[in-house]
file run_23.txt (compact mmCIF, C-alpha atoms)
# COMPACT_ATOMS: atom_id res chain seq x y z
CA MET H 337 -20.71 -14.24 10.22
CA ILE H 338 -19.01 -10.91 9.57
CA PRO H 339 -16.69 -11.19 6.57
CA PHE H 340 -13.17 -9.79 6.85
CA LEU H 341 -13.63 -8.17 3.44
CA ASP H 342 -16.91 -7.98 1.53
CA LEU H 343 -16.32 -7.30 -2.15
CA GLN H 344 -19.82 -8.53 -2.93
CA ALA H 345 -21.24 -5.63 -0.93
CA GLN H 346 -19.14 -3.24 -2.97
CA TYR H 347 -20.23 -4.90 -6.20
CA ALA H 348 -23.87 -4.47 -5.23
CA VAL H 349 -23.26 -0.71 -5.48
CA VAL H 350 -21.05 -0.45 -8.57
CA GLY H 351 -21.84 -3.70 -10.38
CA PRO H 352 -24.15 -2.31 -13.09
CA GLU H 353 -21.65 0.46 -13.94
CA ILE H 354 -18.74 -1.98 -14.13
CA GLU H 355 -20.68 -4.46 -16.24
CA ALA H 356 -21.57 -1.72 -18.73
CA ALA H 357 -17.97 -0.47 -18.90
CA VAL H 358 -16.53 -3.96 -19.33
CA LEU H 359 -19.11 -4.91 -21.95
CA ALA H 360 -18.17 -1.81 -23.93
CA VAL H 361 -14.53 -2.98 -23.96
CA LEU H 362 -15.53 -6.46 -25.08
CA ARG H 363 -17.60 -5.04 -27.91
CA ARG H 364 -14.78 -2.78 -29.12
CA GLY H 365 -12.08 -5.40 -28.72
CA ASP H 366 -9.38 -2.97 -27.53
CA TYR H 367 -8.19 -5.31 -24.81
CA ILE H 368 -4.62 -4.05 -24.27
CA LEU H 369 -3.82 -0.36 -23.68
CA GLY H 370 -7.16 0.69 -25.11
CA LYS H 371 -8.64 4.15 -24.67
CA PRO H 372 -9.98 3.40 -21.17
CA VAL H 373 -6.39 2.94 -19.96
CA ALA H 374 -5.47 6.49 -20.97
CA GLU H 375 -8.75 7.77 -19.52
CA PHE H 376 -8.06 6.09 -16.19
CA GLU H 377 -4.50 7.43 -16.13
CA GLN H 378 -5.75 10.98 -16.62
CA ARG H 379 -8.37 10.65 -13.90
CA PHE H 380 -6.06 8.96 -11.42
CA ALA H 381 -3.38 11.61 -11.93
CA ALA H 382 -6.00 14.29 -11.30
CA PHE H 383 -7.18 12.48 -8.18
CA CYS H 384 -3.63 12.26 -6.80
CA GLY H 385 -2.78 15.81 -7.82
CA THR H 386 0.09 14.85 -10.11
CA LYS H 387 0.86 15.71 -13.70
CA ASP H 388 0.97 12.12 -14.91
CA ALA H 389 -0.02 8.56 -14.11
CA VAL H 390 1.06 5.38 -15.86
CA ALA H 391 -1.00 2.23 -15.39
CA VAL H 392 0.70 -1.16 -15.15
CA ASN H 393 -0.30 -4.73 -14.41
CA THR H 394 0.56 -4.89 -10.67
CA GLY H 395 1.76 -2.77 -7.80
CA THR H 396 4.98 -4.77 -7.81
CA SER H 397 5.58 -3.79 -11.42
CA ALA H 398 4.94 -0.17 -10.48
CA LEU H 399 7.68 -0.33 -7.86
CA HIS H 400 10.08 -2.13 -10.20
CA LEU H 401 9.65 0.36 -13.03
CA ALA H 402 9.75 3.37 -10.70
CA LEU H 403 13.12 2.24 -9.39
CA LEU H 404 14.43 1.65 -12.90
CA ALA H 405 13.20 5.04 -14.07
CA ALA H 406 15.03 6.65 -11.15
CA GLY H 407 18.23 5.00 -12.34
CA VAL H 408 18.47 2.32 -9.65
CA GLY H 409 20.55 -0.66 -10.69
CA PRO H 410 23.30 -3.11 -9.73
CA GLY H 411 25.63 -1.77 -7.05
CA ASP H 412 23.09 0.75 -5.75
CA GLU H 413 21.35 0.72 -2.38
CA VAL H 414 17.73 1.55 -1.59
CA VAL H 415 16.64 2.38 1.95
CA THR H 416 13.30 0.89 3.02
CA VAL H 417 11.63 -0.88 5.96
CA PRO H 418 11.30 -4.58 6.86
CA MET H 419 7.69 -4.19 8.05
CA THR H 420 6.02 -4.38 4.65
CA PHE H 421 4.77 -6.92 2.14
CA VAL H 422 7.70 -8.65 0.45
CA ALA H 423 6.94 -6.99 -2.91
CA THR H 424 8.58 -3.79 -1.71
CA VAL H 425 11.88 -5.58 -1.21
CA ALA H 426 11.51 -7.89 -4.20
CA ALA H 427 11.18 -4.91 -6.54
CA ILE H 428 14.50 -3.52 -5.29
CA LEU H 429 16.19 -6.86 -5.87
CA TYR H 430 14.71 -7.07 -9.38
CA THR H 431 16.83 -4.05 -10.32
CA GLY H 432 20.01 -5.66 -9.00
CA ALA H 433 20.22 -3.14 -6.16
CA THR H 434 20.54 -3.95 -2.45
CA PRO H 435 17.75 -3.25 0.06
CA VAL H 436 18.98 -1.47 3.20
CA PHE H 437 16.55 -1.61 6.10
CA VAL H 438 15.72 0.85 8.84
CA ASP H 439 13.21 0.11 11.58
CA ILE H 440 9.74 1.58 11.88
CA ASP H 441 8.50 4.15 14.37
CA ARG H 442 6.57 2.49 17.20
CA ASP H 443 3.66 4.92 17.06
CA THR H 444 3.09 5.38 13.33
CA LEU H 445 4.51 2.04 12.09
CA THR H 446 6.12 3.89 9.19
CA MET H 447 9.79 4.55 8.49
CA ASP H 448 11.75 5.79 11.49
CA THR H 449 13.19 8.92 9.96
CA HIS H 450 15.74 9.28 12.76
CA ALA H 451 17.39 6.06 11.59
CA ILE H 452 17.85 7.00 7.93
CA GLU H 453 21.04 9.04 7.96
CA ALA H 454 23.00 6.33 9.77
CA VAL H 455 22.54 3.89 6.85
CA LEU H 456 23.18 6.27 3.96
CA THR H 457 26.30 5.59 1.89
CA PRO H 458 27.67 6.87 -1.43
CA ARG H 459 25.78 3.97 -3.02
CA THR H 460 22.36 5.07 -1.73
CA LYS H 461 20.27 5.83 -4.82
CA ALA H 462 16.75 5.99 -3.40
CA ILE H 463 14.64 5.99 -0.26
CA LEU H 464 11.47 3.93 -0.46
CA PRO H 465 9.08 4.67 2.44
CA VAL H 466 5.98 2.52 2.90
CA HIS H 467 2.66 4.07 3.87
CA LEU H 468 1.80 1.01 5.96
CA HIS H 469 -1.89 0.20 6.41
CA GLY H 470 -2.74 3.49 4.67
CA ARG H 471 -0.97 5.88 7.08
CA LEU H 472 1.36 8.42 5.51
CA ALA H 473 5.02 8.21 6.42
CA ASP H 474 6.76 11.40 7.58
CA MET H 475 7.40 12.62 4.05
CA ASP H 476 8.65 16.07 5.09
CA ALA H 477 11.51 14.57 7.07
CA ILE H 478 12.30 11.97 4.42
CA LEU H 479 12.34 14.52 1.61
CA LYS H 480 14.57 16.87 3.60
CA ILE H 481 17.16 14.12 4.00
CA ALA H 482 16.88 13.00 0.38
CA ARG H 483 16.95 16.44 -1.24
CA ALA H 484 20.10 17.40 0.67
CA ARG H 485 21.88 14.45 -0.94
CA GLY H 486 20.28 14.18 -4.36
CA ILE H 487 18.57 10.89 -3.51
CA ALA H 488 15.31 9.88 -5.21
CA VAL H 489 12.22 9.26 -3.09
CA ILE H 490 9.76 6.64 -4.26
CA GLU H 491 6.58 6.18 -2.23
CA ASP H 492 5.12 2.73 -1.72
CA ALA H 493 1.53 3.91 -1.57
CA ALA H 494 0.04 0.50 -2.35
CA GLN H 495 -2.19 0.73 0.73
CA ALA H 496 -2.71 4.48 0.88
CA HIS H 497 -5.12 5.53 -1.87
CA GLY H 498 -6.74 8.75 -0.67
CA ALA H 499 -4.54 9.43 2.36
CA SER H 500 -3.52 13.07 2.44
CA ARG H 501 -1.62 15.71 4.40
CA ASP H 502 -2.09 19.45 4.03
CA GLY H 503 -4.01 18.96 0.80
CA ARG H 504 -1.46 16.66 -0.82
CA LEU H 505 -2.33 13.04 -1.47
CA ALA H 506 -0.26 9.90 -1.07
CA GLY H 507 2.00 9.37 -4.05
CA SER H 508 2.42 13.07 -4.78
CA PHE H 509 5.12 13.87 -2.22
CA GLY H 510 8.11 12.02 -3.62
CA ASP H 511 9.55 11.77 -7.11
CA ILE H 512 7.30 8.82 -7.93
CA GLY H 513 4.37 7.24 -6.12
CA CYS H 514 3.45 3.58 -6.61
CA PHE H 515 0.00 2.04 -6.17
CA SER H 516 -1.51 -1.42 -6.22
CA PHE H 517 -5.03 -2.14 -7.42
CA TYR H 518 -5.19 -5.68 -6.08
CA PRO H 519 -8.92 -6.41 -5.55
CA GLY H 520 -8.82 -5.98 -1.78
CA LYS H 521 -7.16 -2.56 -1.90
CA ASN H 522 -9.09 0.64 -1.19
CA LEU H 523 -9.21 1.09 -4.97
CA GLY H 524 -9.23 -2.42 -6.33
CA ALA H 525 -9.46 -3.80 -9.83
CA CYS H 526 -11.42 -6.90 -10.83
CA GLY H 527 -8.09 -8.67 -11.00
CA GLU H 528 -4.53 -7.33 -10.87
CA GLY H 529 -3.45 -3.77 -11.52
CA GLY H 530 -1.10 -0.99 -10.49
CA ALA H 531 0.08 2.50 -11.38
CA ILE H 532 2.74 5.11 -10.79
CA VAL H 533 2.13 8.83 -10.44
CA THR H 534 4.72 11.55 -10.96
CA ASP H 535 5.30 15.17 -11.90
CA ASN H 536 8.46 14.27 -13.80
CA PRO H 537 7.77 13.82 -17.52
CA ASP H 538 11.02 11.92 -18.07
CA TYR H 539 10.07 9.35 -15.45
CA ALA H 540 6.59 9.00 -16.96
CA THR H 541 8.01 8.50 -20.47
CA ALA H 542 10.52 5.92 -19.28
CA ILE H 543 7.86 3.94 -17.41
CA ARG H 544 5.44 4.02 -20.35
CA GLN H 545 8.17 2.53 -22.52
CA LEU H 546 9.39 0.02 -19.95
CA ARG H 547 5.88 -1.37 -19.34
CA ASP H 548 5.47 -2.14 -23.07
CA TRP H 549 8.70 -3.91 -24.03
CA GLY H 550 10.67 -0.66 -24.09
CA GLN H 551 8.86 0.58 -27.17
CA ALA H 552 8.74 4.18 -28.37
CA GLY H 553 6.27 3.43 -31.13
CA LYS H 554 5.47 -0.01 -32.47
CA TYR H 555 8.52 -2.22 -32.98
CA ASN H 556 10.87 0.61 -32.02
CA HIS H 557 12.49 -0.82 -28.90
CA VAL H 558 14.59 1.91 -27.29
CA ARG H 559 14.90 0.20 -23.91
CA ARG H 560 15.04 -3.36 -22.63
CA GLY H 561 11.53 -3.43 -21.26
CA TYR H 562 8.86 -5.70 -19.86
CA ASN H 563 5.31 -6.83 -20.48
CA TYR H 564 3.77 -4.91 -17.58
CA ARG H 565 0.75 -3.44 -19.37
CA LEU H 566 -2.62 -2.95 -17.68
CA ASP H 567 -5.39 -4.58 -19.67
CA THR H 568 -8.26 -2.40 -20.80
CA ILE H 569 -10.98 -4.25 -18.89
CA GLN H 570 -9.23 -3.52 -15.60
CA ALA H 571 -8.84 0.15 -16.54
CA ALA H 572 -12.55 0.38 -17.34
CA ALA H 573 -13.49 -1.11 -13.97
CA LEU H 574 -11.02 1.11 -12.10
CA THR H 575 -12.41 4.24 -13.73
CA VAL H 576 -15.87 3.36 -12.43
CA LYS H 577 -14.56 2.66 -8.93
CA LEU H 578 -12.36 5.76 -8.80
CA ALA H 579 -15.46 7.94 -8.79
CA HIS H 580 -16.48 6.30 -5.50
CA LEU H 581 -13.06 6.28 -3.82
CA ALA H 582 -13.41 9.52 -1.84
CA ALA H 583 -16.71 8.38 -0.34
CA TRP H 584 -15.34 4.93 0.39
CA THR H 585 -12.33 6.44 2.15
CA GLU H 586 -14.55 8.53 4.40
CA ALA H 587 -16.61 5.44 5.19
CA ARG H 588 -13.44 3.59 6.21
CA ARG H 589 -12.51 6.46 8.50
CA LYS H 590 -15.91 6.29 10.16
CA VAL H 591 -15.44 2.57 10.82
CA ALA H 592 -11.99 3.30 12.25
CA ALA H 593 -13.44 6.03 14.48
CA THR H 594 -16.01 3.56 15.78
CA TYR H 595 -13.28 1.05 16.62
CA ASP H 596 -11.19 3.80 18.24
CA ALA H 597 -14.05 4.77 20.55
CA LEU H 598 -15.04 1.23 21.47
CA LEU H 599 -11.50 0.01 22.11
CA ALA H 600 -10.22 3.08 23.98
CA GLY H 601 -8.73 2.19 27.34
CA GLY H 602 -9.07 -1.53 26.72
CA PRO H 603 -6.53 -4.32 26.51
CA ALA H 604 -6.17 -4.16 22.71
CA ALA H 605 -4.19 -1.09 21.67
CA PRO H 606 -5.71 0.60 18.59
CA PRO H 607 -3.52 2.39 16.06
CA LEU H 608 -2.35 5.84 17.04
CA PRO H 609 -5.01 8.33 15.88
CA ALA H 610 -4.05 9.97 12.60
CA ARG H 611 -4.06 13.72 12.09
CA GLY H 612 -6.88 14.74 9.80
CA SER H 613 -6.92 12.63 6.65
CA GLU H 614 -3.44 11.15 6.93
CA HIS H 615 -4.78 7.60 7.21
CA ALA H 616 -6.82 5.81 4.54
CA TYR H 617 -7.35 2.72 6.76
CA HIS H 618 -6.67 0.00 4.26
CA VAL H 619 -5.92 -2.01 7.40
CA TYR H 620 -7.12 -1.39 10.96
CA ALA H 621 -4.64 -3.26 13.13
CA VAL H 622 -4.55 -3.43 16.91
CA ARG H 623 -1.69 -4.57 19.12
CA VAL H 624 -2.49 -7.36 21.54
CA ALA H 625 -0.48 -9.66 23.75
CA GLU H 626 -1.02 -13.41 23.26
CA ARG H 627 -2.10 -12.50 19.76
CA ASP H 628 -2.40 -16.05 18.44
CA ARG H 629 -4.63 -17.14 21.33
CA VAL H 630 -6.82 -14.07 20.95
CA GLN H 631 -7.12 -14.63 17.21
CA ALA H 632 -8.13 -18.27 17.77
CA GLU H 633 -10.83 -17.27 20.26
CA LEU H 634 -12.20 -14.65 17.88
CA LYS H 635 -12.34 -17.26 15.13
CA GLU H 636 -14.42 -19.52 17.38
CA GLN H 637 -16.86 -16.62 17.79
CA GLY H 638 -17.11 -16.10 14.03
CA ILE H 639 -14.96 -12.97 13.98
CA PRO H 640 -12.41 -13.12 11.15
CA THR H 641 -9.04 -11.42 11.53
CA LEU H 642 -5.75 -11.35 9.64
CA ILE H 643 -2.14 -10.54 10.46
CA HIS H 644 -0.33 -7.83 8.47
CA TYR H 645 2.43 -9.06 8.69
CA PRO H 646 3.40 -12.00 10.94
CA LYS H 647 7.09 -11.92 10.03
CA PRO H 648 9.15 -8.91 8.88
CA VAL H 649 10.90 -9.29 5.54
CA HIS H 650 14.37 -9.56 7.07
CA LEU H 651 13.26 -12.73 8.91
CA GLN H 652 11.65 -14.36 5.89
CA PRO H 653 13.66 -17.40 4.70
CA ALA H 654 13.79 -16.14 1.11
CA TYR H 655 15.54 -12.95 2.24
CA ALA H 656 17.92 -14.40 4.83
CA ASP H 657 20.86 -13.75 2.49
CA LEU H 658 20.41 -10.01 3.06
CA GLY H 659 22.27 -10.63 6.30
CA TYR H 660 19.88 -9.27 8.94
CA GLY H 661 19.24 -11.53 11.90
CA ALA H 662 16.62 -11.61 14.63
CA GLY H 663 16.81 -8.66 16.99
CA ARG H 664 18.13 -6.25 14.36
CA PHE H 665 14.86 -4.32 14.04
CA PRO H 666 13.13 -4.69 17.41
CA VAL H 667 10.14 -2.44 16.72
CA SER H 668 9.22 -4.31 13.55
CA GLU H 669 9.72 -7.65 15.26
CA SER H 670 7.66 -6.81 18.35
CA TYR H 671 4.90 -5.37 16.21
CA ALA H 672 4.82 -8.49 14.04
CA ALA H 673 4.27 -10.58 17.17
CA GLU H 674 1.37 -8.42 18.41
CA THR H 675 -0.48 -7.10 15.36
CA LEU H 676 -4.01 -8.24 14.60
CA SER H 677 -6.06 -6.78 11.75
CA LEU H 678 -9.80 -6.32 12.20
CA PRO H 679 -12.45 -6.25 9.46
CA ILE H 680 -12.67 -2.83 7.82
CA TYR H 681 -14.35 -1.81 4.58
CA PRO H 682 -16.82 0.91 3.60
CA GLU H 683 -19.89 -1.29 3.92
CA LEU H 684 -19.10 -2.53 7.45
CA THR H 685 -21.91 -1.27 9.67
CA GLU H 686 -21.55 0.39 13.06
CA ALA H 687 -23.33 -2.59 14.61
CA GLN H 688 -20.88 -5.02 13.01
CA ALA H 689 -17.91 -2.96 14.17
CA GLY H 690 -19.41 -2.98 17.65
CA GLU H 691 -19.72 -6.76 17.56
CA VAL H 692 -16.08 -7.11 16.52
CA ALA H 693 -14.87 -4.71 19.21
CA ALA H 694 -16.90 -6.39 21.96
CA ALA H 695 -15.62 -9.83 20.98
CA LEU H 696 -12.05 -8.56 20.92
CA ARG H 697 -12.27 -6.98 24.36
CA GLN H 698 -13.81 -10.14 25.78
CA ALA H 699 -11.12 -12.36 24.24
CA CYS H 700 -8.39 -10.15 25.67
CA GLU H 701 -9.94 -9.69 29.08
CA VAL H 702 -10.21 -13.41 29.73
CA ARG H 703 -6.67 -13.12 31.12
CA ASP H 704 -6.46 -9.33 31.24
CA VAL H 705 -4.13 -9.46 28.24
CA ARG H 706 -2.54 -6.09 27.54
CA VAL H 707 0.37 -4.96 25.44
CA ALA H 708 3.29 -3.46 27.31

call {"tool": "encode", "arguments": {"input": "run_23.txt", "output": "structure tokens"}}
result
Amino acid sequence: MIPFLDLQAQYAVVGPEIEAAVLAVLRRGDYILGKPVAEFEQRFAAFCGTKDAVAVNTGTSALHLALLAAGVGPGDEVVTVPMTFVATVAAILYTGATPVFVDIDRDTLTMDTHAIEAVLTPRTKAILPVHLHGRLADMDAILKIARARGIAVIEDAAQAHGASRDGRLAGSFGDIGCFSFYPGKNLGACGEGGAIVTDNPDYATAIRQLRDWGQAGKYNHVRRGYNYRLDTIQAAALTVKLAHLAAWTEARRKVAATYDALLAGGPAAPPLPARGSEHAYHVYAVRVAERDRVQAELKEQGIPTLIHYPKPVHLQPAYADLGYGAGRFPVSESYAAETLSLPIYPELTEAQAGEVAAALRQACEVRDVRVA
């Protein structure tokens, strides 16, 4: 059976390096904010092309602290999209601010930039685009709107490690970029982890303090902060993996290119081809009618798939009080009903990708199922 994600295959490559790095931490005993944390921050900032990086315990914490550093708080509004993991919206609510949704673009599945200006108000404090599945949002258009109004831009780059446009990498376009290092991410820890990147030293200082109980030096609490620190073992593992990220990203793109070729003209619509290196392919999702039936048939054939995401945030019961009903964001809603994510990871072979694609086409063609 082809696994949807094969972390054991990745570990077969980097395992000895990670074991040595983790053992060194255990022997030193610097478990929290040890030297490997600072080392990883320096290397990740260099990778992203930013002046600074601050490591935290999760991608959600990165979003929360980025918003706080940008001055977002009660009474403010933050523009984002409903087609995302709920953490994007939860982080806004943690600050006391209100999420304001705009729909996604049908082709790119990222923020519809033509819809932004209509929802801006004097209370808009930030725009939070999501690089869904690893594809960059239209940052030029977003930044043009934000800069004209003095609005902060915070990138949710949790799925976009290594995606780039014109030599600039995800996370480096806006005021702050936020990443997750959940194990299944393109750069994943051996547990939880996250980071922000920025060129603004004031933001970096604020986030460093906020992640460690608001301290500026031991027992000198200058802010009301949080316990959002990245532990040293995770930093050591991430430093090892970071050295492989560029190669892993190219391997993902090759898998995506194989899927693109094999699915072209068929009943399952592949994602719109990305320009150059704009897509890091954390997720390779097709659109297919009768998605649930197709997924069930693939499961019977031993082909695992997932759905990212089956219900937009505005239709989740926990977020019903935001006041958006069904039909409000038709592109997000139609995509949620049709999306199906295929296995993709650097170690997936061309033969395995071919097996997945053939099974998908067969499952769809049973009834000539095509998206509109």

call {"tool": "closest_residue", "arguments": {"input": "run_23.txt", "among": "H:Ala695, H:Pro372, H:Val425, H:Tyr347", "to": "Gln652 in chain H", "atoms": "all atoms listed in the file"}}
result
H:Val425

call {"tool": "closest_residue", "arguments": {"input": "run_23.txt", "among": "H:Gln346, H:Thr568, H:Thr641, H:Ser500", "to": "Val358 in chain H", "atoms": "all atoms listed in the file"}}
result
H:Thr568

call {"tool": "closest_residue", "arguments": {"input": "run_23.txt", "among": "H:Ala499, H:Ala477, H:Ala693, H:Ala398", "to": "Leu598 in chain H", "atoms": "only C-alpha atoms"}}
result
H:Ala693

call {"tool": "residues_around", "arguments": {"input": "run_23.txt", "residues": "Tyr671 in chain H", "least_positions_apart": "5", "cutoff": "12 Å", "atoms": "only C-alpha atoms", "output": "MDAnalysis selection string"}}
result
chainID H and resid 418:420 439:446 605 607 621:625 627 643:648 665:666 676:677 707:708

call {"tool": "closest_residue", "arguments": {"input": "run_23.txt", "among": "H:Val417, H:Cys526, H:Leu401, H:Ala582", "to": "Ile569 in chain H", "atoms": "all atoms listed in the file"}}
result
H:Cys526

call {"tool": "closest_residue", "arguments": {"input": "run_23.txt", "among": "H:Glu528, H:Asp476, H:Glu633, H:Asp596", "to": "Ala573 in chain H", "atoms": "only C-alpha atoms"}}
result
H:Glu528

call {"tool": "residues_around", "arguments": {"input": "run_23.txt", "residues": "range 506-509 of chain H", "least_positions_apart": "4", "cutoff": "12 Å", "atoms": "all atoms listed in the file", "output": "tab-separated table (two decimals) with C-alpha atoms, in the frame of the given file"}}
result
chain	number	residue	atom	x	y	z
H	380	PHE	CA	-6.06	8.96	-11.42
H	381	ALA	CA	-3.38	11.61	-11.93
H	382	ALA	CA	-6.00	14.29	-11.30
H	383	PHE	CA	-7.18	12.48	-8.18
H	384	CYS	CA	-3.63	12.26	-6.80
H	385	GLY	CA	-2.78	15.81	-7.82
H	386	THR	CA	0.09	14.85	-10.11
H	387	LYS	CA	0.86	15.71	-13.70
H	388	ASP	CA	0.97	12.12	-14.91
H	389	ALA	CA	-0.02	8.56	-14.11
H	398	ALA	CA	4.94	-0.17	-10.48
H	399	LEU	CA	7.68	-0.33	-7.86
H	402	ALA	CA	9.75	3.37	-10.70
H	464	LEU	CA	11.47	3.93	-0.46
H	465	PRO	CA	9.08	4.67	2.44
H	466	VAL	CA	5.98	2.52	2.90
H	467	HIS	CA	2.66	4.07	3.87
H	468	LEU	CA	1.80	1.01	5.96
H	470	GLY	CA	-2.74	3.49	4.67
H	471	ARG	CA	-0.97	5.88	7.08
H	472	LEU	CA	1.36	8.42	5.51
H	473	ALA	CA	5.02	8.21	6.42
H	474	ASP	CA	6.76	11.40	7.58
H	475	MET	CA	7.40	12.62	4.05
H	476	ASP	CA	8.65	16.07	5.09
H	477	ALA	CA	11.51	14.57	7.07
H	478	ILE	CA	12.30	11.97	4.42
H	479	LEU	CA	12.34	14.52	1.61
H	480	LYS	CA	14.57	16.87	3.60
H	488	ALA	CA	15.31	9.88	-5.21
H	489	VAL	CA	12.22	9.26	-3.09
H	490	ILE	CA	9.76	6.64	-4.26
H	491	GLU	CA	6.58	6.18	-2.23
H	492	ASP	CA	5.12	2.73	-1.72
H	493	ALA	CA	1.53	3.91	-1.57
H	494	ALA	CA	0.04	0.50	-2.35
H	495	GLN	CA	-2.19	0.73	0.73
H	496	ALA	CA	-2.71	4.48	0.88
H	497	HIS	CA	-5.12	5.53	-1.87
H	498	GLY	CA	-6.74	8.75	-0.67
H	499	ALA	CA	-4.54	9.43	2.36
H	500	SER	CA	-3.52	13.07	2.44
H	501	ARG	CA	-1.62	15.71	4.40
H	502	ASP	CA	-2.09	19.45	4.03
H	513	GLY	CA	4.37	7.24	-6.12
H	514	CYS	CA	3.45	3.58	-6.61
H	515	PHE	CA	0.00	2.04	-6.17
H	516	SER	CA	-1.51	-1.42	-6.22
H	531	ALA	CA	0.08	2.50	-11.38
H	532	ILE	CA	2.74	5.11	-10.79
H	533	VAL	CA	2.13	8.83	-10.44
H	534	THR	CA	4.72	11.55	-10.96
H	535	ASP	CA	5.30	15.17	-11.90
H	536	ASN	CA	8.46	14.27	-13.80
H	613	SER	CA	-6.92	12.63	6.65
H	614	GLU	CA	-3.44	11.15	6.93
H	615	HIS	CA	-4.78	7.60	7.21
H	616	ALA	CA	-6.82	5.81	4.54

call {"tool": "closest_residue", "arguments": {"input": "run_23.txt", "among": "H:Cys700, H:Leu634, H:Leu566, H:Ile452", "to": "Ile368 in chain H", "atoms": "only C-alpha atoms"}}
result
H:Leu566

call {"tool": "residues_around", "arguments": {"input": "run_23.txt", "residues": "Pro339 in chain H", "least_positions_apart": "2", "cutoff": "9 Å", "atoms": "all atoms listed in the file", "output": "CSV table (one decimal) with C-alpha atoms, keeping the file's coordinate frame"}}
result
chain,number,residue,atom,x,y,z
H,337,MET,CA,-20.7,-14.2,10.2
H,341,LEU,CA,-13.6,-8.2,3.4
H,342,ASP,CA,-16.9,-8.0,1.5
H,638,GLY,CA,-17.1,-16.1,14.0
H,639,ILE,CA,-15.0,-13.0,14.0
H,640,PRO,CA,-12.4,-13.1,11.2
H,679,PRO,CA,-12.4,-6.2,9.5

call {"tool": "residues_around", "arguments": {"input": "run_23.txt", "residues": "Ala687 in chain H", "least_positions_apart": "6", "cutoff": "12 Å", "atoms": "only C-alpha atoms", "output": "list in words"}}
result
Ile338, Val591, Thr594, Tyr595, Leu598, Ala693 and Ala694 of chain H

call {"tool": "atom_distance", "arguments": {"input": "run_23.txt", "atom1": "CA of Val415 in chain H", "atom2": "CA of Phe437 in chain H"}}
result
5.8 Å

call {"tool": "residues_near_point", "arguments": {"input": "run_23.txt", "point": "(-13.1, -1.8, -16.0)", "cutoff": "10 Å", "atoms": "all atoms listed in the file", "output": "PDB file with C-alpha atoms, in the frame of the given file"}}
result
ATOM      1  CA  GLU H 353     -21.650   0.460 -13.940  1.00  0.00           C
ATOM      2  CA  ILE H 354     -18.740  -1.980 -14.130  1.00  0.00           C
ATOM      3  CA  GLU H 355     -20.680  -4.460 -16.240  1.00  0.00           C
ATOM      4  CA  ALA H 356     -21.570  -1.720 -18.730  1.00  0.00           C
ATOM      5  CA  ALA H 357     -17.970  -0.470 -18.900  1.00  0.00           C
ATOM      6  CA  VAL H 358     -16.530  -3.960 -19.330  1.00  0.00           C
ATOM      7  CA  LEU H 359     -19.110  -4.910 -21.950  1.00  0.00           C
ATOM      8  CA  ALA H 360     -18.170  -1.810 -23.930  1.00  0.00           C
ATOM      9  CA  VAL H 361     -14.530  -2.980 -23.960  1.00  0.00           C
ATOM     10  CA  PRO H 372      -9.980   3.400 -21.170  1.00  0.00           C
ATOM     11  CA  VAL H 373      -6.390   2.940 -19.960  1.00  0.00           C
ATOM     12  CA  PHE H 376      -8.060   6.090 -16.190  1.00  0.00           C
ATOM     13  CA  ALA H 525      -9.460  -3.800  -9.830  1.00  0.00           C
ATOM     14  CA  CYS H 526     -11.420  -6.900 -10.830  1.00  0.00           C
ATOM     15  CA  GLY H 527      -8.090  -8.670 -11.000  1.00  0.00           C
ATOM     16  CA  ASP H 567      -5.390  -4.580 -19.670  1.00  0.00           C
ATOM     17  CA  THR H 568      -8.260  -2.400 -20.800  1.00  0.00           C
ATOM     18  CA  ILE H 569     -10.980  -4.250 -18.890  1.00  0.00           C
ATOM     19  CA  GLN H 570      -9.230  -3.520 -15.600  1.00  0.00           C
ATOM     20  CA  ALA H 571      -8.840   0.150 -16.540  1.00  0.00           C
ATOM     21  CA  ALA H 572     -12.550   0.380 -17.340  1.00  0.00           C
ATOM     22  CA  ALA H 573     -13.490  -1.110 -13.970  1.00  0.00           C
ATOM     23  CA  LEU H 574     -11.020   1.110 -12.100  1.00  0.00           C
ATOM     24  CA  THR H 575     -12.410   4.240 -13.730  1.00  0.00           C
ATOM     25  CA  VAL H 576     -15.870   3.360 -12.430  1.00  0.00           C
ATOM     26  CA  LYS H 577     -14.560   2.660  -8.930  1.00  0.00           C
TER      27      LYS H 577
END

call {"tool": "residues_around", "arguments": {"input": "run_23.txt", "residues": "Arg588 in chain H", "least_positions_apart": "4", "cutoff": "7 Å", "atoms": "only C-alpha atoms", "output": "ChimeraX atom specification"}}
result
/H:584,592,617,680-682

call {"tool": "atom_distance", "arguments": {"input": "run_23.txt", "atom1": "CA of Glu636 in chain H", "atom2": "CA of His469 in chain H"}}
result
25.8 Å

call {"tool": "atom_distance", "arguments": {"input": "run_23.txt", "atom1": "CA of Thr541 in chain H", "atom2": "CA of His400 in chain H"}}
result
14.9 Å
